[in-house]
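J.: Structure file final.cif (mmCIF, C-alpha atoms) right here:
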```
data_my_file
loop_
_atom_site.label_atom_id
_atom_site.label_comp_id
_atom_site.auth_asym_id
_atom_site.auth_seq_id
_atom_site.Cartn_x
_atom_site.Cartn_y
_atom_site.Cartn_z
CA MET V 62 0.00 0.00 0.00
CA SER V 63 1.37 3.41 -0.93
CA SER V 64 1.76 6.01 1.79
CA ASP V 65 -0.86 8.33 0.25
CA GLN V 66 -3.61 5.66 0.08
CA ALA V 67 -5.98 5.79 3.02
CA PRO V 68 -6.16 2.48 4.93
CA GLY V 69 -9.36 0.59 4.41
CA ARG V 70 -10.43 2.61 1.35
CA LYS V 71 -12.44 0.41 -0.99
CA ARG V 72 -11.63 0.15 -4.65
CA ARG V 73 -14.21 1.63 -7.00
CA GLY V 74 -16.96 -0.97 -7.37
CA ALA V 75 -15.79 -3.06 -4.42
CA GLY V 76 -18.77 -4.43 -2.52
CA ARG V 77 -21.20 -3.17 -5.15
CA VAL V 78 -24.43 -5.13 -5.36
CA THR V 79 -24.67 -6.55 -8.86
CA LEU V 80 -27.53 -7.71 -11.02
CA ASN V 81 -26.34 -11.30 -10.52
CA THR V 82 -26.51 -10.82 -6.75
CA VAL V 83 -30.14 -9.72 -7.02
CA ALA V 84 -30.92 -12.65 -9.33
CA ARG V 85 -29.43 -15.22 -6.94
CA GLN V 86 -31.22 -13.86 -3.89
CA ALA V 87 -34.55 -13.58 -5.74
CA GLY V 88 -34.20 -17.08 -7.16
CA VAL V 89 -34.48 -15.97 -10.80
CA SER V 90 -32.14 -15.60 -13.75
CA ALA V 91 -30.11 -12.48 -14.43
CA ILE V 92 -32.08 -12.06 -17.66
CA THR V 93 -35.32 -11.94 -15.65
CA VAL V 94 -33.91 -9.19 -13.42
CA SER V 95 -32.81 -7.28 -16.50
CA ARG V 96 -36.32 -7.60 -17.93
CA TYR V 97 -37.75 -6.44 -14.60
CA PHE V 98 -36.00 -3.09 -15.12
CA ASN V 99 -36.26 -2.83 -18.91
CA GLN V 100 -39.56 -4.55 -19.73
CA PRO V 101 -41.42 -5.00 -16.44
CA ASP V 102 -44.65 -6.13 -18.12
CA SER V 103 -42.84 -9.19 -19.47
CA VAL V 104 -42.12 -10.44 -15.92
CA SER V 105 -44.86 -12.20 -13.95
CA PRO V 106 -46.37 -10.27 -11.00
CA GLU V 107 -45.09 -12.88 -8.53
CA ARG V 108 -41.51 -12.57 -9.79
CA ARG V 109 -41.76 -8.77 -9.91
CA GLU V 110 -42.70 -8.74 -6.22
CA ARG V 111 -39.77 -11.00 -5.29
CA ILE V 112 -37.29 -8.96 -7.30
CA ALA V 113 -38.66 -5.68 -5.93
CA ALA V 114 -38.24 -6.94 -2.36
CA VAL V 115 -34.63 -7.97 -2.99
CA VAL V 116 -33.82 -4.70 -4.75
CA ALA V 117 -35.19 -2.76 -1.78
CA GLU V 118 -33.38 -4.95 0.74
CA LEU V 119 -30.00 -4.73 -0.99
CA GLY V 120 -30.34 -1.14 -2.15
CA TYR V 121 -29.50 -2.21 -5.69
CA VAL V 122 -29.08 0.54 -8.30
CA PRO V 123 -28.88 -0.65 -11.93
CA ASN V 124 -25.87 0.62 -13.86
CA LEU V 125 -27.82 2.34 -16.63
CA VAL V 126 -24.74 4.16 -17.96
CA ALA V 127 -22.94 0.89 -18.68
CA GLY V 128 -26.03 -0.48 -20.40
CA GLY V 129 -26.36 2.67 -22.44
CA LEU V 130 -22.72 2.54 -23.54
CA ALA V 131 -23.04 -1.10 -24.52
CA SER V 132 -25.99 -0.43 -26.78
CA ALA V 133 -25.00 3.11 -27.84
CA ARG V 134 -28.41 4.15 -26.52
CA GLY V 135 -29.70 4.82 -23.03
CA ARG V 136 -33.13 4.07 -21.66
CA ILE V 137 -33.67 7.78 -21.18
CA VAL V 138 -35.97 9.93 -23.30
CA ALA V 139 -35.15 13.65 -23.24
CA MET V 140 -37.83 16.34 -23.33
CA VAL V 141 -37.52 20.13 -23.49
CA ILE V 142 -40.57 22.24 -22.67
CA PRO V 143 -40.96 26.02 -22.31
CA ASN V 144 -41.82 26.08 -18.61
CA ILE V 145 -41.65 23.24 -16.08
CA SER V 146 -43.60 25.24 -13.49
CA GLY V 147 -46.38 26.16 -15.92
CA PRO V 148 -49.65 24.31 -15.20
CA ILE V 149 -50.41 24.07 -18.91
CA PHE V 150 -47.64 21.49 -19.46
CA ALA V 151 -48.13 19.48 -16.24
CA GLN V 152 -50.49 16.88 -17.71
CA THR V 153 -48.29 16.43 -20.78
CA ILE V 154 -45.23 15.74 -18.61
CA GLN V 155 -47.15 13.35 -16.33
CA GLY V 156 -48.78 11.41 -19.17
CA PHE V 157 -45.47 11.17 -21.02
CA SER V 158 -43.51 10.02 -17.98
CA ASP V 159 -46.13 7.51 -16.83
CA THR V 160 -46.35 5.89 -20.26
CA LEU V 161 -42.57 5.63 -20.61
CA SER V 162 -41.99 4.20 -17.14
CA ARG V 163 -44.40 1.34 -17.73
CA HIS V 164 -41.94 0.11 -20.35
CA GLY V 165 -38.69 0.67 -18.47
CA TYR V 166 -37.86 4.12 -19.87
CA GLN V 167 -37.39 7.31 -17.87
CA LEU V 168 -37.85 10.99 -18.61
CA LEU V 169 -35.02 13.53 -18.62
CA LEU V 170 -36.55 17.01 -18.53
CA ALA V 171 -35.34 20.56 -19.17
CA SER V 172 -37.01 23.95 -19.49
CA SER V 173 -36.22 26.59 -22.09
CA TYR V 174 -38.68 29.24 -20.84
CA PHE V 175 -39.41 30.27 -24.44
CA ASP V 176 -35.71 30.95 -25.10
CA ALA V 177 -34.33 29.30 -28.26
CA ARG V 178 -30.77 29.57 -26.93
CA GLN V 179 -31.65 27.73 -23.73
CA GLU V 180 -33.42 25.08 -25.77
CA GLU V 181 -30.35 24.66 -27.98
CA SER V 182 -28.12 24.28 -24.93
CA ALA V 183 -30.43 21.64 -23.45
CA VAL V 184 -30.65 19.71 -26.73
CA ARG V 185 -26.85 19.69 -27.10
CA ALA V 186 -26.40 18.44 -23.54
CA PHE V 187 -29.09 15.79 -23.90
CA LEU V 188 -27.72 14.43 -27.17
CA GLY V 189 -24.35 14.04 -25.46
CA TRP V 190 -25.97 11.48 -23.16
CA SER V 191 -27.22 9.40 -26.12
CA PRO V 192 -30.92 9.40 -25.22
CA ALA V 193 -33.26 6.94 -26.88
CA ALA V 194 -35.37 9.78 -28.31
CA LEU V 195 -35.84 13.55 -28.12
CA VAL V 196 -39.13 15.40 -27.63
CA LEU V 197 -39.43 19.16 -28.16
CA THR V 198 -42.21 21.71 -27.88
CA SER V 199 -43.37 23.50 -31.03
CA HIS V 200 -41.23 24.19 -34.12
CA PHE V 201 -39.55 27.46 -33.21
CA HIS V 202 -35.91 26.40 -32.88
CA SER V 203 -32.55 28.10 -33.34
CA PRO V 204 -30.43 27.26 -36.43
CA GLY V 205 -28.10 25.33 -34.12
CA THR V 206 -30.95 23.18 -32.84
CA GLU V 207 -32.23 22.59 -36.38
CA LYS V 208 -28.77 21.37 -37.41
CA MET V 209 -28.61 18.93 -34.49
CA LEU V 210 -32.10 17.63 -35.28
CA ALA V 211 -31.13 17.08 -38.90
CA ASP V 212 -27.97 15.19 -37.93
CA THR V 213 -29.29 12.97 -35.15
CA GLU V 214 -30.39 9.41 -35.87
CA ILE V 215 -32.68 9.05 -32.86
CA PRO V 216 -36.46 9.63 -33.09
CA VAL V 217 -37.42 13.30 -32.75
CA ILE V 218 -40.96 14.43 -31.93
CA GLU V 219 -42.38 17.96 -31.88
CA THR V 220 -45.38 18.41 -29.59
CA TRP V 221 -47.92 21.12 -28.81
CA ASP V 222 -47.97 22.12 -32.46
CA TYR V 223 -48.81 20.72 -35.87
CA GLN V 224 -46.55 21.47 -38.81
CA PRO V 225 -46.97 18.60 -41.30
CA GLN V 226 -44.27 19.97 -43.62
CA ARG V 227 -41.58 19.40 -40.98
CA GLN V 228 -39.57 16.18 -40.69
CA PRO V 229 -40.01 15.36 -36.96
CA LEU V 230 -43.10 13.47 -35.87
CA GLN V 231 -45.92 15.94 -35.16
CA ILE V 232 -48.23 15.57 -32.16
CA GLY V 233 -50.41 18.56 -31.42
CA PHE V 234 -52.82 21.10 -32.79
CA SER V 235 -53.00 24.32 -34.80
CA HIS V 236 -52.47 27.43 -32.68
CA PHE V 237 -53.74 29.49 -35.60
CA GLN V 238 -57.01 27.55 -35.41
CA VAL V 239 -57.23 28.28 -31.67
CA GLY V 240 -57.26 32.00 -32.49
CA VAL V 241 -59.95 31.40 -35.11
CA THR V 242 -62.09 29.43 -32.64
CA ALA V 243 -61.76 32.10 -29.93
CA ALA V 244 -62.72 34.97 -32.23
CA ARG V 245 -65.63 33.09 -33.78
CA HIS V 246 -67.00 32.12 -30.36
CA LEU V 247 -67.09 35.72 -29.18
CA HIS V 248 -68.52 36.95 -32.47
CA ALA V 249 -71.30 34.35 -32.27
CA LYS V 250 -72.12 35.63 -28.77
CA GLY V 251 -72.68 39.11 -30.19
CA TYR V 252 -69.37 40.79 -29.34
CA ARG V 253 -67.93 43.09 -32.00
CA ARG V 254 -65.07 45.05 -30.38
CA ILE V 255 -62.81 42.09 -29.71
CA ALA V 256 -59.23 42.65 -28.53
CA PHE V 257 -56.32 40.22 -28.18
CA VAL V 258 -53.65 40.33 -25.44
CA GLN V 259 -50.26 38.78 -26.23
CA ASN V 260 -48.12 36.86 -23.77
CA SER V 261 -45.55 38.88 -21.85
CA ALA V 262 -42.94 36.16 -22.50
CA PRO V 263 -41.14 37.43 -25.64
CA GLY V 264 -40.36 33.99 -27.06
CA ASP V 265 -43.87 32.56 -26.95
CA PHE V 266 -44.30 32.41 -30.72
CA SER V 267 -47.14 29.90 -30.48
CA ALA V 268 -49.21 32.60 -28.77
CA LEU V 269 -48.45 34.85 -31.74
CA GLU V 270 -49.85 32.16 -34.04
CA ARG V 271 -53.07 32.28 -31.98
CA ARG V 272 -53.02 36.05 -32.44
CA ASP V 273 -52.66 35.57 -36.20
CA GLY V 274 -55.72 33.31 -36.22
CA TYR V 275 -57.64 36.03 -34.38
CA LEU V 276 -56.48 38.69 -36.85
CA ALA V 277 -57.44 36.62 -39.89
CA THR V 278 -60.88 35.90 -38.46
CA LEU V 279 -61.64 39.52 -37.60
CA ALA V 280 -60.60 40.54 -41.12
CA GLU V 281 -62.92 37.90 -42.54
CA LEU V 282 -65.76 39.17 -40.34
CA GLY V 283 -65.11 42.79 -41.26
CA LEU V 284 -64.20 43.80 -37.71
CA ALA V 285 -61.37 46.08 -36.60
CA PRO V 286 -58.66 44.18 -34.68
CA ARG V 287 -56.90 45.45 -31.58
CA VAL V 288 -53.79 43.81 -30.15
CA PHE V 289 -52.20 44.75 -26.84
CA ALA V 290 -48.64 43.70 -25.99
CA PRO V 291 -47.83 43.84 -22.25
CA ASP V 292 -44.38 44.88 -21.10
CA ALA V 293 -41.87 42.13 -21.89
CA ASP V 294 -41.17 39.66 -19.07
CA ARG V 295 -43.85 41.16 -16.84
CA ALA V 296 -45.31 38.45 -14.56
CA PRO V 297 -48.45 36.95 -16.15
CA PHE V 298 -51.02 38.16 -13.60
CA GLU V 299 -49.46 41.61 -13.64
CA ALA V 300 -49.37 41.59 -17.45
CA GLY V 301 -53.07 40.71 -17.55
CA LYS V 302 -53.82 43.53 -15.12
CA GLN V 303 -51.81 45.98 -17.24
CA ALA V 304 -53.70 44.92 -20.37
CA MET V 305 -57.14 45.21 -18.79
CA GLU V 306 -56.43 48.65 -17.33
CA ALA V 307 -55.00 49.95 -20.62
CA LEU V 308 -57.78 48.58 -22.82
CA MET V 309 -60.68 49.57 -20.58
CA GLY V 310 -59.15 53.00 -19.95
CA SER V 311 -59.12 53.83 -23.66
CA LEU V 312 -61.75 55.70 -25.63
CA GLU V 313 -62.59 52.63 -27.76
CA ARG V 314 -63.22 50.12 -25.01
CA PRO V 315 -63.45 46.52 -26.18
CA ASP V 316 -66.52 44.48 -25.32
CA ALA V 317 -64.51 41.25 -25.30
CA ILE V 318 -60.85 40.34 -24.74
CA ILE V 319 -58.98 37.19 -25.77
CA PHE V 320 -55.94 36.61 -23.57
CA ALA V 321 -52.98 34.51 -24.77
CA ASN V 322 -53.30 32.23 -21.73
CA ASP V 323 -55.35 31.72 -18.58
CA ASN V 324 -52.79 33.37 -16.29
CA LEU V 325 -53.08 36.60 -18.24
CA ALA V 326 -56.86 36.24 -18.39
CA ALA V 327 -57.09 35.74 -14.62
CA GLY V 328 -54.98 38.84 -14.00
CA GLY V 329 -57.22 40.83 -16.34
CA LEU V 330 -60.44 39.48 -14.87
CA LEU V 331 -59.40 40.24 -11.29
CA ALA V 332 -58.21 43.73 -12.25
CA GLY V 333 -61.54 44.37 -13.95
CA GLN V 334 -63.44 43.29 -10.85
CA ARG V 335 -61.36 45.59 -8.66
CA ALA V 336 -62.26 48.45 -10.97
CA GLY V 337 -65.97 47.63 -10.74
CA LEU V 338 -66.21 46.21 -14.27
CA LYS V 339 -69.12 43.85 -14.86
CA ILE V 340 -67.92 40.67 -16.60
CA PRO V 341 -69.22 39.64 -19.09
CA GLU V 342 -71.91 42.33 -19.33
CA GLU V 343 -69.41 45.13 -20.01
CA CYS V 344 -66.52 43.04 -21.25
CA ALA V 345 -66.20 39.29 -21.87
CA VAL V 346 -62.94 37.49 -21.05
CA LEU V 347 -61.59 34.37 -22.78
CA GLY V 348 -58.34 32.55 -22.02
CA PHE V 349 -56.35 29.57 -23.26
CA GLY V 350 -55.13 26.54 -21.34
CA ASP V 351 -57.98 25.61 -18.98
CA TYR V 352 -55.72 25.91 -15.95
CA PRO V 353 -57.02 24.31 -12.72
CA PHE V 354 -58.12 27.67 -11.30
CA ALA V 355 -60.17 28.65 -14.37
CA GLN V 356 -63.44 27.15 -13.16
CA MET V 357 -62.87 28.45 -9.61
CA LEU V 358 -62.75 32.12 -10.53
CA LEU V 359 -65.82 34.28 -10.05
CA PRO V 360 -67.07 34.58 -12.70
CA SER V 361 -65.61 31.29 -13.94
CA LEU V 362 -63.27 31.68 -16.89
CA SER V 363 -64.23 30.71 -20.42
CA THR V 364 -61.19 29.20 -22.09
CA ILE V 365 -59.88 26.87 -24.77
CA GLN V 366 -58.67 23.54 -23.44
CA PRO V 367 -55.68 21.96 -25.23
CA PRO V 368 -55.33 18.15 -25.29
CA ALA V 369 -52.44 18.28 -22.84
CA LEU V 370 -52.67 14.76 -21.39
CA GLN V 371 -53.35 13.20 -24.78
CA ILE V 372 -50.24 14.87 -26.18
CA GLY V 373 -48.05 13.36 -23.47
CA VAL V 374 -49.46 9.84 -23.72
CA LEU V 375 -49.40 9.83 -27.52
CA ALA V 376 -45.87 11.26 -27.69
CA ALA V 377 -44.58 8.51 -25.40
CA THR V 378 -46.46 5.89 -27.40
CA ARG V 379 -44.92 7.10 -30.66
CA VAL V 380 -41.47 7.07 -29.05
CA LEU V 381 -41.92 3.48 -27.87
CA GLU V 382 -43.23 2.46 -31.29
CA SER V 383 -40.25 4.12 -32.98
CA LEU V 384 -37.89 2.18 -30.70
CA GLY V 385 -39.61 -1.13 -31.40
CA VAL V 386 -40.81 -1.48 -27.80
CA LEU V 387 -44.47 -1.35 -28.83
CA PRO V 388 -45.78 -3.12 -31.92
CA VAL V 389 -47.01 -1.03 -34.82
CA ALA V 390 -48.72 -2.02 -38.04
CA GLY V 391 -46.62 -0.65 -40.88
CA THR V 392 -44.75 2.55 -40.08
CA VAL V 393 -45.07 4.81 -37.06
CA GLN V 394 -47.76 7.44 -37.64
CA ARG V 395 -45.82 10.67 -38.25
CA LEU V 396 -48.69 13.17 -38.32
CA ASN V 397 -50.99 13.27 -35.29
CA LEU V 398 -53.47 16.16 -35.40
CA LEU V 399 -55.41 16.66 -32.16
CA GLN V 400 -58.22 19.04 -31.33
CA CYS V 401 -58.72 21.69 -28.66
CA GLN V 402 -62.05 22.20 -26.93
CA LEU V 403 -63.75 25.51 -26.16
CA ILE V 404 -64.97 25.52 -22.55
CA GLU V 405 -67.70 28.15 -22.21
CA ARG V 406 -68.14 29.44 -18.67
CA GLU V 407 -69.49 32.60 -17.05
CA SER V 408 -66.91 35.12 -18.30
CA SER V 409 -68.23 35.07 -21.86
#
```
Show me the file's structure as structure tokens.
T.:
Amino acid sequence: MSSDQAPGRKRRGAGRVTLNTVARQAGVSAITVSRYFNQPDSVSPERRERIAAVVAELGYVPNLVAGGLASARGRIVAMVIPNISGPIFAQTIQGFSDTLSRHGYQLLLASSYFDARQEESAVRAFLGWSPAALVLTSHFHSPGTEKMLADTEIPVIETWDYQPQRQPLQIGFSHFQVGVTAARHLHAKGYRRIAFVQNSAPGDFSALERRDGYLATLAELGLAPRVFAPDADRAPFEAGKQAMEALMGSLERPDAIIFANDNLAAGGLLAGQRAGLKIPEECAVLGFGDYPFAQMLLPSLSTIQPPALQIGVLAATRVLESLGVLPVAGTVQRLNLLQCQLIERESS
């Protein structure tokens, strides 16, 4: 022993519980233990219980890095979304993660907060770990990200959008159509001075596509559009308050306002109430997202509900099909157009 080596220090890996150790103690083969982690549904419930008990008792941690290096692929699927804390993406993340985990895959998650540079950084880091697949939100990427997507050989899926001309698998809906639906709903209710409030997050280009759908619809209906852009990076509730005060303080007051999301709409609705505004009698309010608080507001918030959970489950399913984990007849379905639902409540 050299003088600078601490007595009793274990060599790296010494005493490590191995997969074979778990197999022996559980009374199954090493292949069965491997399947327990990688394809749990292929192992009988009785054997799963025995293996789980041994894993817990021994504190076994599978060496996923070694397995990933051996196959040049990990059992990790990487996902980048605009905002981890945003309630609008919560169901997508949960549905995606739950579906993957049932087949031995795990989710690696990062947030870009509507910043193409942050997304590019996350994509570069994720690809360095050789994930099994990559899932992104929307199609607004930096040139650097586009180059990496073109060069990678793993499955790539774009969610929360629908751009059939693009190469990645598409799972989502048309934001332009959301703007059309919102404007047509308010017009059918008799509103004619309809305004649109943009998101205060500068990089939310999907919200601008909803704005474009609103603008096209008002032009078609022969109505004058009005778009308000809150101060950049203002907190959503505060941005909604700013928009409501500015629009209702003008000479041409709108009789209905479409907000880019429910957070903005809630801020506007509450600001209107504080100012004594009668909603919807004096001004209707419509959001997007159907956040959990939308039906709890007073008046309850009319909104457009995206298929958030369906996006997550379907994205994971397409990933697993692309990897050959789930069977598929023919080729994996590349274009998956989903629909949003207008939820009419008291605010409109």
J.: Expand the PyMOL selection byres ((chain V and resi 186-188) around 9) into the individual residues it matches in the shown file, reporting them as a PyMOL selection string.
T.: chain V and resi 139-140+169+181-185+189-192+195+209+213
J.: With distances taken over only C-alpha atoms, which of V:Ser172, V:Thr160, V:Ser383, V:Gln402 is nearest to V:Phe234?
T.: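 Between V:Ser172, V:Thr160, V:Ser383, V:Gln402, the residue approaching V:Phe234 most closely is V:Gln402.
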J.: Excluding V:Pro286 and residues on its chain fewer than 4 positions from it, collect all residues at most 8 Å away from it, counting all atoms listed in the file, and give them as an mmCIF file with C-alpha atoms, keeping the file's coordinate frame.
T.:
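Saved the output as result_10.cif:
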```
data_model
loop_
_atom_site.group_PDB
_atom_site.id
_atom_site.type_symbol
_atom_site.label_atom_id
_atom_site.label_comp_id
_atom_site.auth_asym_id
_atom_site.auth_seq_id
_atom_site.Cartn_x
_atom_site.Cartn_y
_atom_site.Cartn_z
ATOM 1 C CA ARG V 254 -65.070 45.050 -30.380
ATOM 2 C CA ILE V 255 -62.810 42.090 -29.710
ATOM 3 C CA ALA V 256 -59.230 42.650 -28.530
ATOM 4 C CA PHE V 257 -56.320 40.220 -28.180
ATOM 5 C CA LEU V 276 -56.480 38.690 -36.850
ATOM 6 C CA LEU V 279 -61.640 39.520 -37.600
ATOM 7 C CA ALA V 280 -60.600 40.540 -41.120
#
```
J.: I'd like the residues picked by the PyMOL selection byres ((chain V and resi 199) around 10) written out as number ranges by chain, using the chain letters and numbers from the file.
T.: V: 142-143, 196-198, 200-202, 218-224, 231-234, 265-267
J.: Looking at only C-alpha atoms, which of V:Pro297, V:Pro341, V:Gly135, V:Pro315 is the one that sits closest to V:Leu359?
T.: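 Counting only C-alpha atoms, the residue closest to V:Leu359 is V:Pro341.
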J.: Which residue out of V:Glu343, V:Glu405, V:Glu299, V:Glu107 has the minimum interatomic distance to V:Gly329 when only C-alpha atoms are used?
T.: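 Going through V:Glu343, V:Glu405, V:Glu299, V:Glu107 one by one, the smallest distance to V:Gly329 is for V:Glu299.
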J.: Can you turn the PyMOL selection byres ((chain V and resi 100) around 10) into a concrete residue list for this file, as a PyMOL selection string?
T.: chain V and resi 93-99+101-104+162-166+386
J.: Just the number, please: distance in Å from atom CA of V:Ser409 to atom CA of V:Phe349, one decimal.
T.: 13.2 Å
J.: Just checking: using all atoms listed in the file, which residue out of V:Ile112, V:Val138, V:Ala91, V:Leu170 ends up closest to V:Phe150?
T.: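 Nearest to V:Phe150: V:Leu170.
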